[in-house]
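*Asks:* The following block contains the structure, expressed as structure tokens.
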Amino acid sequence: MRGPRSLGVVIKLGTSSIVDEKTHEPLLSNLTLIVETAVKLRKDGHKVIIVSSGAIGVGLQRMDVERRPKHISKLQALAAIGQCRLMSLWDSLFNHLRQPIAQILLTRSDISDRSRYLNAQNTIHELLDMGVIPIVNENDTLAVSEIKFGDNDTLSAITAAMVHADLLFLMTDVDCLYDKNPRTNPDAQPIEVVEDIGALVADVSQAGSSLGTGGMSTKIVAARLATSAGVTTVITRSSNPGNIHKIVKHIQGSHSPASLTTQVNHPSTAALASLNNGSGSGTSTPAAAAATPSTEQAPAVIDRSQIPLHTRFLPSPSPVRDRYFWILHGLRPHGTLYIDQGAYKALLGKAGLLPVGVVDVEGFFAQQEAVRLCVVDKRRSTPGPDGKMWEGEAVEVGRCLTNYASAEIARIKGHQSVEIGQLLGYADSEYVAQRESVSFYNTVSRPASPVGGHRA
């Protein structure tokens with residue numbers, strides 16, 4: 001009999017969890033509890049990653065600046081000042097418990113470059129195998145608006161997907177999601193389990209702190225992104241970091257349909273589903289290849305009355321991973337391809353995108369750049385009054401990397417592949433996009449709506 005399998009746990013901490021909003025002083029008591037929780041998870045055999053904001057907040061305190069400046073150069077300078085002090089603080093706290101840590105700074109451009117993405121993935125995996133806790137942050141010193149993630153909620157979701165984590169904790173200033181704002185509505189009901197994030201009806205009016213960039217709405221976006229990659233996502237209160245350990249034990253010990261184990265611990269159905277719809281890589285993670293329940297010792301289940309209040313977003317049963325996830329969420333689209341229903345069906349059937357199926361092209365992009373894929377109902381032979389080559393609404397279904405630039409696709413669209421050479425004077429490929437360079441959004445909608453009022 002073996003114990004419960006090791007889980008990959010990503011913990012995202014906002015600036016308000018690290019420094020005081022008014023004085024900008026580090027919240028040492030809270031940080032100490034976070035460190036103790038992370039080390040406790042490590043001792044339980046889990047692999048822990050912390051996504052930590054706070055560099056600018058710590059920089060404000062170091063330079064005695066009262067308010068967060070608006071000029072990007074000043075923000076970048078404060079981030080440079082604060083990042084080294086922030087890491088020094090983390091290292092000092094973890095050192096008391098003899099836990100080594102490592103710093104990883106990322107920008108959107110690191111993720112959009114495939115080689116750098118894989119290097120970051122390999123480095124994090126190696127650190128975890130060494131028993132180190134990586135502390136990830138956006139490189140605010142270099143990042144500008146064009147290459148920023150926008151907030152560390154998004155960064156934490158991409159990090160969790162990159163390393164095939166099992167759990168992502170988004171720490172915030174409330175216990176969980178509510179159907180109404182609990183600060184102004186005493187009858188607000190907690191939403192404890194979300195099976196279909198598309199059907200979620202919740203209050204997201206809580207904005208981020210004056211020091212941070214996120215809010216509840218960014219956490220919903222991050223949860224959507226992470227769950228699409230097979231990561232169970234949890235929103236819970238940051239002032240009680242010890243709740244993380246209890247929630248992990250609860251999820252491990254739960255045998256309900258809402259548990260993590262029944263959703264992602266059986267790679268056969270998830271992997272086959274991802275292969276069937278073309279959205280996943282078809283490769284299971286090392287964690288997913290763990291022992292079956294019959295040979296695995298079930299962890300002790302926490303008393304329901306002791307389970308901290310939290311909102312848990314269940315992972316997709318057909319997750320999008322690896323290169324397919326990178327195409328969808330790691331790259332910024334530079335344009336749009338509009339395709340007809342026949343081309344869409346062919347792509348779902350594992351065929352590549354032929355020029356005959358392309359209805360129109362929008363934007364300016366080069367070869368091997370990412371573009372949106374939109375499906376139209378009916379194509380026109382000539383542009384309509386609106387200038388469009390199709391009728392009805394265009395629905396975005398995914399992203400792809402193209403074999404041709406936008407100007408080239410504009411010339412070959414609607415034509416047979418054998419005509420490419422005659423139209424362009426050369427033919428690099430018979431496909432506008434290879435099938436392995438096409439990734440679709442997960443459109444599977446689970447029937448259950450968010451659950452409130454009971455503990456799963």
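Chain labels follow the order of the structure tokens: the first chain is A, the next B, and so on; residue numbering restarts at 1 in every chain, and ligands are counted from 1 in their shown order.
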Extract, using only C-alpha atoms, all DNA, RNA and protein residues at most 7 Å from Thr141 of chain A, discarding same-chain residues fewer than 2 positions from it, and format them as a list of chain:residue names.
*Replies:*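 These residues fall inside the cut-off: A:Gln76, A:Ala77, A:Ala79, A:Ala80, A:Asn139, A:Ala143.
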*Asks:* Restricting the output to N, CA and C atoms, write the selected residues as a short mmCIF file (atom, residue, chain, number, x, y, z; two decimals), in the first residue's frame.
*Replies:*
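Produced file selection.cif, reproduced below:
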```cif
data_model
loop_
_atom_site.label_atom_id
_atom_site.label_comp_id
_atom_site.auth_asym_id
_atom_site.auth_seq_id
_atom_site.Cartn_x
_atom_site.Cartn_y
_atom_site.Cartn_z
N GLN A 76 9.41 50.41 -13.37
CA GLN A 76 10.47 49.44 -13.65
C GLN A 76 11.64 49.62 -12.69
N ALA A 77 11.98 50.87 -12.37
CA ALA A 77 13.07 51.12 -11.43
C ALA A 77 12.71 50.62 -10.03
N ALA A 79 10.64 48.24 -9.36
CA ALA A 79 10.63 46.78 -9.42
C ALA A 79 12.04 46.23 -9.28
N ALA A 80 13.01 46.90 -9.91
CA ALA A 80 14.40 46.46 -9.80
C ALA A 80 14.90 46.57 -8.37
N ASN A 139 8.98 39.70 -14.81
CA ASN A 139 10.16 40.57 -14.82
C ASN A 139 9.72 42.00 -15.12
N ALA A 143 9.62 44.31 -18.54
CA ALA A 143 8.34 44.18 -19.22
C ALA A 143 7.70 45.54 -19.49
#
```
*Asks:* Show which residues sit within 12 Å of Lys22 of chain A, as a list in words. Count only C-alpha atoms, and ignore same-chain residues fewer than 5 positions away.
*Replies:* Thr15, Ser16, Leu27, Gly57, Val58, Leu60, Gln61, Asp64, Val65, Glu66, Arg67, Arg68, Ser209, Ser210 and Leu211 of chain A
*Asks:* Residues of the last selection are to be written out with C-alpha atoms, as a CSV table (one decimal), in the first residue's frame.
*Replies:*
```csv
chain,number,residue,atom,x,y,z
A,15,THR,CA,1.0,42.2,-3.5
A,16,SER,CA,-1.7,42.7,-0.8
A,27,LEU,CA,3.5,41.4,6.3
A,57,GLY,CA,5.4,47.3,-3.3
A,58,VAL,CA,8.6,46.5,-1.6
A,60,LEU,CA,8.0,51.7,-2.7
A,61,GLN,CA,8.8,51.0,1.0
A,64,ASP,CA,9.9,55.9,0.9
A,65,VAL,CA,7.5,56.5,-2.0
A,66,GLU,CA,3.9,56.8,-0.8
A,67,ARG,CA,1.9,56.1,-4.0
A,68,ARG,CA,2.5,53.7,-6.9
A,209,SER,CA,-5.6,46.6,-4.2
A,210,SER,CA,-4.0,50.0,-4.9
A,211,LEU,CA,-0.7,48.3,-5.2
```
*Asks:* What is the atom CA of Leu155 of chain A to atom CA of Cys374 of chain A distance in Å?
*Replies:* 26.1 Å
*Asks:* Suppose you want the space between atom CA of Leu170 of chain A and atom CA of Asp110 of chain A; what is it in Å?
*Replies:*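 Computing it gives 22.6 Å between the two atoms.
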*Asks:* From the list A:Ser17, A:Ser73, A:Thr123, A:Thr218, which residue is nearest Ser238 of chain A when using only C-alpha atoms?
*Replies:*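 So, comparing all the options, the nearest one is A:Ser17.
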*Asks:* Work out how far atom CA of Leu328 of chain A is from atom CA of Ile412 of chain A, in Å to one decimal.
*Replies:*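 Rounded to one decimal, the two atoms are 25.0 Å apart.
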*Asks:* Residues at most 9 Å from Val432 of chain A, counting only C-alpha atoms, excluding those fewer than 5 positions away in the same chain, as an NGL selection string?
*Replies:* :A and (352-355 or 358 or 401-404 or 409 or 413)
*Asks:* Just the helix (DSSP H, G or I) stuff from segment 58-95 of chain A, please, per backbone DSSP, written as a PyMOL selection string.
*Replies:* chain A and resi 58-62+72-95
*Asks:* Please dump the current selection as an mmCIF file, in the first residue's frame; keep C-alpha atoms.
*Replies:*
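Just written: selection37.cif:
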```
data_model
loop_
_atom_site.group_PDB
_atom_site.id
_atom_site.type_symbol
_atom_site.label_atom_id
_atom_site.label_comp_id
_atom_site.auth_asym_id
_atom_site.auth_seq_id
_atom_site.Cartn_x
_atom_site.Cartn_y
_atom_site.Cartn_z
ATOM 1 C CA VAL A 58 8.640 46.457 -1.584
ATOM 2 C CA GLY A 59 10.429 49.023 -3.774
ATOM 3 C CA LEU A 60 7.975 51.693 -2.671
ATOM 4 C CA GLN A 61 8.817 50.980 0.967
ATOM 5 C CA ARG A 62 12.566 50.959 0.329
ATOM 6 C CA ILE A 72 6.538 52.946 -16.694
ATOM 7 C CA SER A 73 10.199 53.854 -16.186
ATOM 8 C CA LYS A 74 9.628 54.649 -12.505
ATOM 9 C CA LEU A 75 7.676 51.415 -12.024
ATOM 10 C CA GLN A 76 10.468 49.442 -13.645
ATOM 11 C CA ALA A 77 13.068 51.125 -11.431
ATOM 12 C CA LEU A 78 11.048 50.393 -8.290
ATOM 13 C CA ALA A 79 10.626 46.777 -9.422
ATOM 14 C CA ALA A 80 14.403 46.459 -9.804
ATOM 15 C CA ILE A 81 14.913 47.838 -6.307
ATOM 16 C CA GLY A 82 12.148 45.788 -4.737
ATOM 17 C CA GLN A 83 12.787 42.439 -6.435
ATOM 18 C CA CYS A 84 16.159 41.807 -4.800
ATOM 19 C CA ARG A 85 14.822 42.840 -1.376
ATOM 20 C CA LEU A 86 11.748 40.656 -1.888
ATOM 21 C CA MET A 87 13.852 37.613 -2.738
ATOM 22 C CA SER A 88 16.146 38.351 0.196
ATOM 23 C CA LEU A 89 13.089 38.328 2.445
ATOM 24 C CA TRP A 90 11.818 35.023 1.013
ATOM 25 C CA ASP A 91 15.260 33.444 1.288
ATOM 26 C CA SER A 92 15.654 34.563 4.891
ATOM 27 C CA LEU A 93 12.283 33.146 5.925
ATOM 28 C CA PHE A 94 12.732 29.830 4.105
ATOM 29 C CA ASN A 95 16.285 29.508 5.415
#
```
*Asks:* Between segment 223-261 of chain A and segment 29-34 of chain A, at 12 Å or less, what are the per-residue closest atom pairs and their distances in Å? Count only C-alpha atoms, order by chain and rising residue number, and return it as CSV.
*Replies:*
```
residue,atom,partner,partner_atom,distance
A:Arg237,CA,A:Asn30,CA,11.5
A:Ser238,CA,A:Asn30,CA,8.3
A:Ser239,CA,A:Asn30,CA,6.4
A:Asn240,CA,A:Asn30,CA,7.8
A:Pro241,CA,A:Ile34,CA,5.4
A:Gly242,CA,A:Leu33,CA,6.8
A:Asn243,CA,A:Ile34,CA,10.0
A:Ile244,CA,A:Ile34,CA,9.1
A:His245,CA,A:Ile34,CA,10.2
```
*Asks:* Save the residues we just selected, N, CA, C and O atoms, as a CSV table (one decimal), in the first residue's frame?
*Replies:*
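Output below, filename result.csv:
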```csv
chain,number,residue,atom,x,y,z
A,237,ARG,N,-8.8,32.5,1.0
A,237,ARG,CA,-8.4,33.7,1.6
A,237,ARG,C,-6.9,33.7,1.9
A,237,ARG,O,-6.3,32.7,2.4
A,238,SER,N,-6.2,34.8,1.5
A,238,SER,CA,-4.7,34.8,1.7
A,238,SER,C,-4.3,35.0,3.1
A,238,SER,O,-3.2,34.7,3.4
A,239,SER,N,-5.1,35.6,4.0
A,239,SER,CA,-4.7,35.8,5.3
A,239,SER,C,-4.7,34.6,6.2
A,239,SER,O,-4.2,34.6,7.3
A,240,ASN,N,-5.2,33.4,5.6
A,240,ASN,CA,-5.1,32.1,6.3
A,240,ASN,C,-4.4,31.1,5.4
A,240,ASN,O,-5.0,30.2,4.9
A,241,PRO,N,-3.1,31.3,5.3
A,241,PRO,CA,-2.3,30.4,4.4
A,241,PRO,C,-2.4,28.9,4.8
A,241,PRO,O,-2.3,28.0,3.9
A,242,GLY,N,-2.6,28.7,6.1
A,242,GLY,CA,-2.7,27.3,6.5
A,242,GLY,C,-3.9,26.5,5.9
A,242,GLY,O,-3.9,25.3,5.9
A,243,ASN,N,-4.8,27.3,5.4
A,243,ASN,CA,-6.0,26.7,4.7
A,243,ASN,C,-5.5,25.8,3.5
A,243,ASN,O,-6.2,24.9,3.1
A,244,ILE,N,-4.4,26.2,2.9
A,244,ILE,CA,-4.0,25.5,1.7
A,244,ILE,C,-3.7,24.1,2.0
A,244,ILE,O,-4.1,23.2,1.3
A,245,HIS,N,-3.0,23.8,3.1
A,245,HIS,CA,-2.7,22.5,3.5
A,245,HIS,C,-3.9,21.6,3.7
A,245,HIS,O,-4.0,20.5,3.3
```
